[in-house]
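File shown: query_17.txt (compact mmCIF, C-alpha atoms).
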# COMPACT_ATOMS: atom_id res chain seq x y z
CA MET A 164 -44.76 -166.54 -133.01
CA SER A 165 -46.58 -168.13 -135.95
CA ASP A 166 -49.03 -171.02 -135.63
CA SER A 167 -46.60 -173.32 -137.45
CA SER A 168 -43.86 -172.49 -134.91
CA LYS A 169 -46.23 -173.22 -132.02
CA SER A 170 -47.28 -176.45 -133.67
CA PHE A 171 -43.66 -177.50 -134.22
CA GLU A 172 -42.76 -176.73 -130.60
CA GLU A 173 -45.75 -178.69 -129.29
CA ARG A 174 -44.82 -181.69 -131.44
CA LEU A 175 -41.20 -181.42 -130.30
CA TYR A 176 -42.17 -181.23 -126.64
CA THR A 177 -44.62 -184.12 -126.95
CA GLU A 178 -42.38 -186.42 -129.01
CA TYR A 179 -39.42 -185.91 -126.68
CA ASN A 180 -41.51 -186.29 -123.53
CA LEU A 181 -40.71 -182.84 -122.17
CA ALA A 182 -42.56 -183.53 -118.91
CA GLY A 183 -40.51 -186.64 -118.19
CA ARG A 184 -37.25 -185.00 -119.20
CA VAL A 185 -37.85 -181.95 -116.99
CA LYS A 186 -38.58 -184.20 -114.01
CA LEU A 187 -35.45 -186.24 -114.77
CA ILE A 188 -33.22 -183.18 -115.03
CA ILE A 189 -34.62 -181.87 -111.72
CA ILE A 190 -33.69 -185.19 -110.08
CA LEU A 191 -30.23 -185.30 -111.66
CA SER A 192 -29.52 -181.68 -110.77
CA GLY A 193 -30.83 -182.32 -107.26
CA ILE A 194 -28.25 -185.08 -106.88
CA LEU A 195 -25.31 -183.39 -108.62
CA TYR A 196 -25.70 -179.92 -107.13
CA PRO A 197 -25.03 -180.99 -103.52
CA ALA A 198 -22.47 -183.58 -104.67
CA PHE A 199 -20.18 -180.70 -105.61
CA LEU A 200 -19.87 -179.91 -101.90
CA ILE A 201 -16.85 -182.21 -102.17
CA LEU A 202 -15.26 -179.71 -104.56
CA ASP A 203 -16.26 -176.86 -102.25
CA ALA A 204 -14.54 -178.54 -99.31
CA ILE A 205 -11.33 -178.95 -101.29
CA TYR A 206 -11.24 -175.88 -103.50
CA ALA A 207 -13.17 -173.29 -101.50
CA ALA A 208 -12.87 -174.35 -97.87
CA GLN A 209 -12.92 -170.75 -96.64
CA PHE A 210 -16.43 -170.35 -98.12
CA PHE A 211 -17.71 -173.84 -97.34
CA GLN A 212 -20.51 -172.76 -95.00
CA ILE A 213 -21.76 -170.11 -97.40
CA PHE A 214 -21.61 -172.55 -100.33
CA LEU A 215 -23.42 -175.19 -98.26
CA ILE A 216 -26.26 -172.74 -97.65
CA ILE A 217 -26.37 -171.78 -101.34
CA ARG A 218 -26.49 -175.42 -102.39
CA LEU A 219 -29.20 -176.27 -99.85
CA VAL A 220 -31.34 -173.35 -101.00
CA VAL A 221 -30.96 -174.45 -104.62
CA VAL A 222 -31.85 -178.06 -103.73
CA ALA A 223 -34.91 -176.80 -101.83
CA ALA A 224 -35.90 -174.95 -105.02
CA HIS A 225 -35.54 -178.27 -106.89
CA LEU A 226 -38.03 -179.87 -104.51
CA VAL A 227 -40.51 -177.04 -105.06
CA LEU A 228 -40.08 -177.28 -108.84
CA PHE A 229 -40.58 -181.04 -108.75
CA TYR A 230 -43.78 -180.53 -106.78
CA ILE A 231 -44.94 -177.94 -109.31
CA CYS A 232 -44.36 -180.53 -112.06
CA THR A 233 -47.03 -182.72 -110.44
CA ARG A 234 -49.53 -179.88 -110.93
CA ILE A 235 -48.72 -179.03 -114.56
CA SER A 236 -50.59 -180.43 -117.52
CA ILE A 237 -49.32 -178.36 -120.46
CA ASN A 238 -45.94 -178.26 -122.15
CA ARG A 239 -45.51 -174.52 -121.66
CA GLY A 240 -45.59 -175.11 -117.90
CA PHE A 241 -42.76 -177.63 -118.18
CA VAL A 242 -40.77 -175.18 -120.30
CA ASN A 243 -41.19 -172.58 -117.55
CA VAL A 244 -40.07 -175.08 -114.89
CA ALA A 245 -36.97 -175.94 -116.96
CA ILE A 246 -36.18 -172.24 -117.24
CA MET A 247 -36.63 -171.73 -113.50
CA LEU A 248 -34.43 -174.75 -112.76
CA ALA A 249 -31.67 -173.28 -114.92
CA ILE A 250 -32.03 -169.90 -113.24
CA PHE A 251 -31.75 -171.35 -109.72
CA ASP A 252 -28.77 -173.52 -110.65
CA VAL A 253 -26.96 -170.74 -112.52
CA VAL A 254 -27.55 -168.00 -109.97
CA GLY A 255 -26.25 -170.27 -107.20
CA ILE A 256 -23.06 -170.90 -109.13
CA ALA A 257 -22.80 -167.22 -110.09
CA VAL A 258 -22.79 -166.24 -106.41
CA MET A 259 -20.05 -168.80 -105.75
CA ILE A 260 -18.08 -167.45 -108.71
CA TYR A 261 -18.30 -163.97 -107.22
CA PHE A 262 -16.94 -165.17 -103.87
CA LEU A 263 -14.10 -167.03 -105.56
CA GLY A 264 -12.80 -164.08 -107.53
CA GLY A 265 -14.83 -164.01 -110.72
CA PHE A 266 -12.81 -164.87 -113.78
CA ALA A 267 -10.04 -166.40 -111.67
CA THR A 268 -12.11 -169.41 -110.58
CA VAL A 269 -12.66 -172.75 -112.24
CA TYR A 270 -16.28 -172.76 -111.04
CA VAL A 271 -17.26 -171.55 -114.51
CA GLN A 272 -17.17 -175.26 -115.38
CA GLY A 273 -20.37 -175.68 -113.35
CA LEU A 274 -22.08 -173.40 -115.84
CA TYR A 275 -20.75 -175.54 -118.68
CA ILE A 276 -22.35 -178.58 -117.06
CA ILE A 277 -25.69 -176.78 -116.87
CA ILE A 278 -25.45 -175.68 -120.50
CA MET A 279 -24.66 -179.20 -121.68
CA GLY A 280 -27.28 -180.78 -119.42
CA LEU A 281 -29.99 -178.53 -120.75
CA ALA A 282 -28.99 -178.97 -124.37
CA VAL A 283 -28.83 -182.76 -124.13
CA ALA A 284 -31.61 -183.62 -121.70
CA VAL A 285 -34.30 -181.00 -122.29
CA PRO A 286 -35.44 -180.25 -125.85
CA LEU A 287 -36.29 -176.58 -125.65
CA SER A 288 -36.96 -174.37 -128.64
CA PHE A 289 -34.16 -172.36 -130.19
CA ARG A 290 -35.48 -169.03 -128.91
CA VAL A 291 -35.86 -170.35 -125.35
CA ASN A 292 -32.34 -171.81 -125.44
CA LEU A 293 -30.97 -168.56 -126.83
CA ARG A 294 -32.49 -166.60 -123.93
CA LEU A 295 -31.23 -169.14 -121.40
CA TYR A 296 -27.71 -169.10 -122.77
CA ALA A 297 -27.66 -165.30 -122.77
CA MET A 298 -28.82 -165.36 -119.14
CA ILE A 299 -26.15 -167.91 -118.23
CA TRP A 300 -23.46 -165.81 -119.92
CA ALA A 301 -24.64 -162.67 -118.08
CA CYS A 302 -24.77 -164.53 -114.75
CA TYR A 303 -21.12 -165.36 -115.27
CA ALA A 304 -19.95 -162.05 -116.68
CA VAL A 305 -21.62 -159.68 -114.20
CA PRO A 306 -20.31 -161.18 -110.93
CA SER A 307 -16.94 -161.77 -112.54
CA PHE A 308 -16.60 -158.13 -113.57
CA LEU A 309 -17.83 -157.05 -110.11
CA ASN A 310 -15.04 -159.05 -108.49
CA MET A 311 -12.36 -158.50 -111.09
CA PRO A 312 -8.99 -159.89 -110.05
CA SER A 313 -5.82 -158.20 -111.11
CA GLY A 314 -3.98 -159.70 -114.06
CA ARG A 315 -4.91 -162.82 -116.02
CA TRP A 316 -6.75 -161.15 -118.90
CA GLN A 317 -6.41 -164.49 -120.65
CA ASP A 318 -8.95 -165.92 -118.18
CA VAL A 319 -11.35 -163.06 -118.90
CA PHE A 320 -11.11 -163.47 -122.64
CA SER A 321 -11.22 -167.27 -122.77
CA ASN A 322 -14.03 -167.70 -120.25
CA LEU A 323 -16.25 -165.02 -121.77
CA PHE A 324 -15.61 -166.33 -125.25
When written as structure tokens, how does the structure in this file appear?
Amino acid sequence: MSDSSKSFEERLYTEYNLAGRVKLIIILSGILYPAFLILDAIYAAQFFQIFLIIRLVVVAAHLVLFYICTRISINRGFVNVAIMLAIFDVVGIAVMIYFLGGFATVYVQGLYIIIMGLAVAVPLSFRVNLRLYAMIWACYAVPSFLNMPSGRWQDVFSNLF
């Protein structure tokens, strides 16, 4: 990466208060992630206990990441925390998607929320976002192909697209 790119990213992260935004998104995600237990109880009652454990583990990771934020003093550290937050949130949902039948589940919408939340709340560089979005796509595609339901190729095509 060139010096001008580094300089631009540092200005971006400073002007948009990356540290504050990462802490805010951790708090918001920490509230919303367990709130979707309501959906789990209605839509995925047979997996409720497993999903409860997944959600509690992810929320525990949020607490650790928030603590780490109190120890960070450089923007690159906050970028790494934002990436880790996305990974924890996405992998938790990816496991739920696997249990619910891959492409056949509406839980892919949870990934959409993460994508939109990151894009709106946390100003990450284009290359970081590109990597994150590729990871999110793979975390949806892999468990979905591993638990491929019969029929409904429309779901496969539309959700992957």
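Here the question is which of A:Ser170, A:Ser236, A:Asn322, A:Gln212 gets nearest to A:Tyr270 using only C-alpha atoms, and that residue is A:Asn322.
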Straight-line distance linking atom CA of A:Ser307 with atom CA of A:Phe266, stated in Å to one decimal: 5.3 Å
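Proximity to stretch 239-252 of chain A at 7 Å, evaluated using only C-alpha atoms and with sequence-adjacent residues fewer than 2 positions away removed, yields Leu181, Ala182, Val185, Val221, His225, Leu228, Cys232, Ile235, Ile237, Val254, Gly255 and Ile256 of chain A.
Residues lying within 12 Å of A:Tyr179, counting only C-alpha atoms and ignoring same-chain neighbours fewer than 2 positions away, are Glu172, Glu173, Arg174, Leu175, Tyr176, Thr177, Leu181, Ala182, Gly183, Arg184, Val185, Asn238, Val283, Ala284, Val285, Pro286, Leu287 and Ser288 of chain A.
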Neighbour list for A:Leu215 as a compact mmCIF listing (two decimals) with C-alpha atoms, in the frame of the given file, cut-off 12 Å, only C-alpha atoms, skip fewer than 5 positions in-chain:
# COMPACT_ATOMS: atom_id res chain seq x y z
CA TYR A 196 -25.70 -179.92 -107.13
CA PRO A 197 -25.03 -180.99 -103.52
CA ALA A 198 -22.47 -183.58 -104.67
CA PHE A 199 -20.18 -180.70 -105.61
CA LEU A 200 -19.87 -179.91 -101.90
CA ILE A 201 -16.85 -182.21 -102.17
CA LEU A 202 -15.26 -179.71 -104.56
CA ASP A 203 -16.26 -176.86 -102.25
CA ALA A 204 -14.54 -178.54 -99.31
CA ALA A 207 -13.17 -173.29 -101.50
CA ALA A 208 -12.87 -174.35 -97.87
CA GLN A 209 -12.92 -170.75 -96.64
CA PHE A 210 -16.43 -170.35 -98.12
CA VAL A 220 -31.34 -173.35 -101.00
CA VAL A 221 -30.96 -174.45 -104.62
CA VAL A 222 -31.85 -178.06 -103.73
CA GLY A 255 -26.25 -170.27 -107.20
CA ILE A 256 -23.06 -170.90 -109.13
CA MET A 259 -20.05 -168.80 -105.75
Residues within 12 Å of (-21.9, -164.7, -115.8), counting only C-alpha atoms, listed as a PyMOL selection string: chain A and resi 250+253-261+265-266+270-275+295-310+319+322-324
Atom CA of A:Ser192 to atom CA of A:Ile231, straight-line distance in Å: 15.9 Å
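Rounded to one decimal, atom CA of A:Tyr230 and atom CA of A:Leu187 lie 12.9 Å from each other.
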Step by step, gather every atom of stretch 290-297 of chain A that the file lists, find the box along x, y and z that holds them, add 8 Å on each side, and finally give centre and edge lengths in Å to one decimal, as lines of an AutoDock Vina configuration file.
center_x = -31.8
center_y = -168.6
center_z = -125.2
size_x = 24.2
size_y = 22.5
size_z = 23.5
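Between A:Trp316 and the residues A:Arg234, A:Ala267, A:Ile205, A:Leu281, the shortest atom-to-atom distance, using all atoms listed in the file, involves A:Ala267.
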Would you fill the gaps in stretch 204-215 of chain A so it has all heavy atoms, then print it as a compact mmCIF listing (two decimals), keeping the file's coordinate frame?
# COMPACT_ATOMS: atom_id res chain seq x y z
N ALA A 204 -15.38 -178.25 -100.48
CA ALA A 204 -14.54 -178.54 -99.31
C ALA A 204 -13.06 -178.50 -99.66
O ALA A 204 -12.24 -178.07 -98.85
CB ALA A 204 -14.91 -179.90 -98.73
N ILE A 205 -12.73 -178.91 -100.87
CA ILE A 205 -11.33 -178.95 -101.29
C ILE A 205 -10.87 -177.61 -101.87
O ILE A 205 -9.82 -177.09 -101.50
CB ILE A 205 -11.12 -180.07 -102.33
CG1 ILE A 205 -11.40 -181.43 -101.68
CG2 ILE A 205 -9.72 -180.03 -102.93
CD1 ILE A 205 -11.53 -182.56 -102.67
N TYR A 206 -11.66 -177.05 -102.74
CA TYR A 206 -11.24 -175.88 -103.50
C TYR A 206 -11.59 -174.56 -102.82
O TYR A 206 -10.89 -173.57 -102.98
CB TYR A 206 -11.87 -175.93 -104.90
CG TYR A 206 -11.42 -174.84 -105.82
CD1 TYR A 206 -10.18 -174.91 -106.46
CD2 TYR A 206 -12.21 -173.72 -106.05
CE1 TYR A 206 -9.74 -173.90 -107.29
CE2 TYR A 206 -11.79 -172.70 -106.89
CZ TYR A 206 -10.55 -172.80 -107.51
OH TYR A 206 -10.14 -171.80 -108.34
N ALA A 207 -12.69 -174.55 -102.07
CA ALA A 207 -13.17 -173.29 -101.50
C ALA A 207 -13.50 -173.46 -100.02
O ALA A 207 -14.56 -173.02 -99.56
CB ALA A 207 -14.39 -172.82 -102.28
N ALA A 208 -12.61 -174.05 -99.28
CA ALA A 208 -12.87 -174.35 -97.87
C ALA A 208 -13.23 -173.11 -97.06
O ALA A 208 -14.07 -173.18 -96.16
CB ALA A 208 -11.66 -175.06 -97.26
N GLN A 209 -12.64 -171.97 -97.40
CA GLN A 209 -12.92 -170.75 -96.64
C GLN A 209 -14.37 -170.27 -96.81
O GLN A 209 -14.87 -169.52 -96.00
CB GLN A 209 -11.93 -169.63 -97.02
CG GLN A 209 -12.13 -169.05 -98.41
CD GLN A 209 -11.40 -169.79 -99.52
OE1 GLN A 209 -11.18 -170.99 -99.45
NE2 GLN A 209 -11.02 -169.08 -100.56
N PHE A 210 -15.03 -170.74 -97.87
CA PHE A 210 -16.43 -170.35 -98.12
C PHE A 210 -17.38 -171.53 -97.96
O PHE A 210 -18.54 -171.45 -98.37
CB PHE A 210 -16.58 -169.79 -99.54
CG PHE A 210 -15.74 -168.57 -99.80
CD1 PHE A 210 -14.71 -168.60 -100.72
CD2 PHE A 210 -16.00 -167.38 -99.12
CE1 PHE A 210 -13.94 -167.48 -100.97
CE2 PHE A 210 -15.23 -166.26 -99.36
CZ PHE A 210 -14.20 -166.31 -100.29
N PHE A 211 -16.91 -172.62 -97.37
CA PHE A 211 -17.71 -173.84 -97.34
C PHE A 211 -19.10 -173.63 -96.74
O PHE A 211 -20.09 -174.11 -97.30
CB PHE A 211 -16.98 -174.96 -96.59
CG PHE A 211 -17.73 -176.26 -96.65
CD1 PHE A 211 -17.67 -177.05 -97.78
CD2 PHE A 211 -18.53 -176.67 -95.59
CE1 PHE A 211 -18.37 -178.24 -97.85
CE2 PHE A 211 -19.24 -177.86 -95.65
CZ PHE A 211 -19.17 -178.64 -96.78
N GLN A 212 -19.19 -172.94 -95.63
CA GLN A 212 -20.51 -172.76 -95.00
C GLN A 212 -21.45 -171.96 -95.88
O GLN A 212 -22.63 -172.30 -96.00
CB GLN A 212 -20.36 -172.10 -93.63
CG GLN A 212 -19.73 -173.04 -92.60
CD GLN A 212 -19.59 -172.38 -91.25
OE1 GLN A 212 -19.62 -171.17 -91.13
NE2 GLN A 212 -19.43 -173.19 -90.22
N ILE A 213 -20.94 -170.92 -96.50
CA ILE A 213 -21.76 -170.11 -97.40
C ILE A 213 -22.20 -170.95 -98.60
O ILE A 213 -23.37 -170.93 -98.99
CB ILE A 213 -20.99 -168.86 -97.88
CG1 ILE A 213 -20.69 -167.95 -96.70
CG2 ILE A 213 -21.75 -168.11 -98.96
CD1 ILE A 213 -19.69 -166.86 -97.00
N PHE A 214 -21.29 -171.72 -99.17
CA PHE A 214 -21.61 -172.55 -100.33
C PHE A 214 -22.59 -173.65 -99.96
O PHE A 214 -23.46 -174.02 -100.76
CB PHE A 214 -20.35 -173.12 -100.96
CG PHE A 214 -19.52 -172.11 -101.70
CD1 PHE A 214 -19.74 -170.73 -101.58
CD2 PHE A 214 -18.49 -172.51 -102.52
CE1 PHE A 214 -18.99 -169.80 -102.26
CE2 PHE A 214 -17.72 -171.60 -103.22
CZ PHE A 214 -17.97 -170.23 -103.08
N LEU A 215 -22.47 -174.19 -98.75
CA LEU A 215 -23.42 -175.19 -98.26
C LEU A 215 -24.83 -174.60 -98.23
O LEU A 215 -25.79 -175.22 -98.70
CB LEU A 215 -23.02 -175.70 -96.87
CG LEU A 215 -24.01 -176.62 -96.18
CD1 LEU A 215 -24.18 -177.92 -96.96
CD2 LEU A 215 -23.55 -176.92 -94.74
